[in-house]
Amino acid sequence: MSTPVWLQDDVVATSTGDGGAAGASSPHSNISTPSWLADDIQAGSGGTGGDFHMTALQIDDGVPTHTTGTTTDTITSAQTRKTTTTWGEFWSASFRRDGRTLLITLLVIVVMNIPYLKWALYPFTIFSTWIHELCHGLAALMVPGGKIVKMEIFPDTSGLCTFTLPANSNKSGFVASAGYQGTAVIGMLLLTIRRTKRGPRAGTMAVALFMVLSVALWIRNA
């Protein structure tokens, strides 16, 4: 087998001394084959004369494949597995990942509709009322010239956000609907960051900071 071009620089010609026959030897013959080269050169099985086969990595439609001689082994990727996932496997994996959250959500829905048991959720109900009224206020602040006059959270879990908008503003509908829309968005963010390593702690600290600021700046219960 002829010496590859990229290897010729490391091979020097030497004389055997008898008959003038020339051979090839490496000045670094005592150094073992580097791992990156050993991995890419495989001895051919069933061949003659010690032939070698190069193992190449190629990409076919985004799926990496290893080619050794005439044999091609396709590496199963996450994308390939995704396309072959059945609906049953999808829902099973989703329940294993989020089953606890789903069960807690169902439990909260049931408990909040039972007259006496719903008081066990009282702190969470006050929290959701605060988020609802805060979203009204933040929406008012997003309107040029709008401001929050005061926010009120009552013991019966109701609340009120008093705000002002410019007389010529047509954004009152946006502010009025921000309570439910904002609550849904904040809930989505809290559920999203819980998957990260530092998300739950950072999210809890951010909520606590907003709560302290809103109490100091806007909440004015009589």
# chains A, B, ... in the order shown; residues from 1 in each chain; ligands from 1

call {"tool": "residues_around", "arguments": {"residues": "Val149 in chain A", "least_positions_apart": "5", "cutoff": "10 Å", "atoms": "only C-alpha atoms", "output": "VMD selection string"}}
result
chain A and resid 137 161 to 164 217 to 220

call {"tool": "write_last_selection", "arguments": {"atoms": "N, CA and C atoms", "output": "PDB file, in the first residue's frame"}}
result
ATOM      1  N   GLY A 137     -52.272  46.397  37.254  1.00  0.00           N
ATOM      2  CA  GLY A 137     -51.453  47.578  37.467  1.00  0.00           C
ATOM      3  C   GLY A 137     -50.284  47.678  36.493  1.00  0.00           C
ATOM      4  N   CYS A 161     -57.679  46.920  41.923  1.00  0.00           N
ATOM      5  CA  CYS A 161     -56.561  47.754  41.472  1.00  0.00           C
ATOM      6  C   CYS A 161     -57.140  49.026  40.870  1.00  0.00           C
ATOM      7  N   THR A 162     -56.799  50.154  41.446  1.00  0.00           N
ATOM      8  CA  THR A 162     -57.263  51.448  40.949  1.00  0.00           C
ATOM      9  C   THR A 162     -56.140  52.080  40.148  1.00  0.00           C
ATOM     10  N   PHE A 163     -56.428  52.434  38.919  1.00  0.00           N
ATOM     11  CA  PHE A 163     -55.418  52.996  38.029  1.00  0.00           C
ATOM     12  C   PHE A 163     -56.017  54.141  37.238  1.00  0.00           C
ATOM     13  N   THR A 164     -55.165  54.938  36.640  1.00  0.00           N
ATOM     14  CA  THR A 164     -55.611  56.043  35.792  1.00  0.00           C
ATOM     15  C   THR A 164     -54.960  55.920  34.427  1.00  0.00           C
ATOM     16  N   LEU A 217     -45.234  50.214  47.554  1.00  0.00           N
ATOM     17  CA  LEU A 217     -45.572  51.292  46.618  1.00  0.00           C
ATOM     18  C   LEU A 217     -47.071  51.469  46.393  1.00  0.00           C
ATOM     19  N   TRP A 218     -47.823  50.365  46.337  1.00  0.00           N
ATOM     20  CA  TRP A 218     -49.189  50.488  45.847  1.00  0.00           C
ATOM     21  C   TRP A 218     -50.289  49.943  46.754  1.00  0.00           C
ATOM     22  N   ILE A 219     -50.008  48.923  47.529  1.00  0.00           N
ATOM     23  CA  ILE A 219     -51.088  48.332  48.317  1.00  0.00           C
ATOM     24  C   ILE A 219     -51.467  49.277  49.454  1.00  0.00           C
ATOM     25  N   ARG A 220     -52.737  49.692  49.453  1.00  0.00           N
ATOM     26  CA  ARG A 220     -53.233  50.677  50.414  1.00  0.00           C
ATOM     27  C   ARG A 220     -54.595  50.256  50.946  1.00  0.00           C
TER      28      ARG A 220
END

call {"tool": "closest_residue", "arguments": {"among": "A:Asn168, A:Ile114, A:His132, A:Phe124", "to": "Ala184 in chain A", "atoms": "only C-alpha atoms"}}
result
A:His132
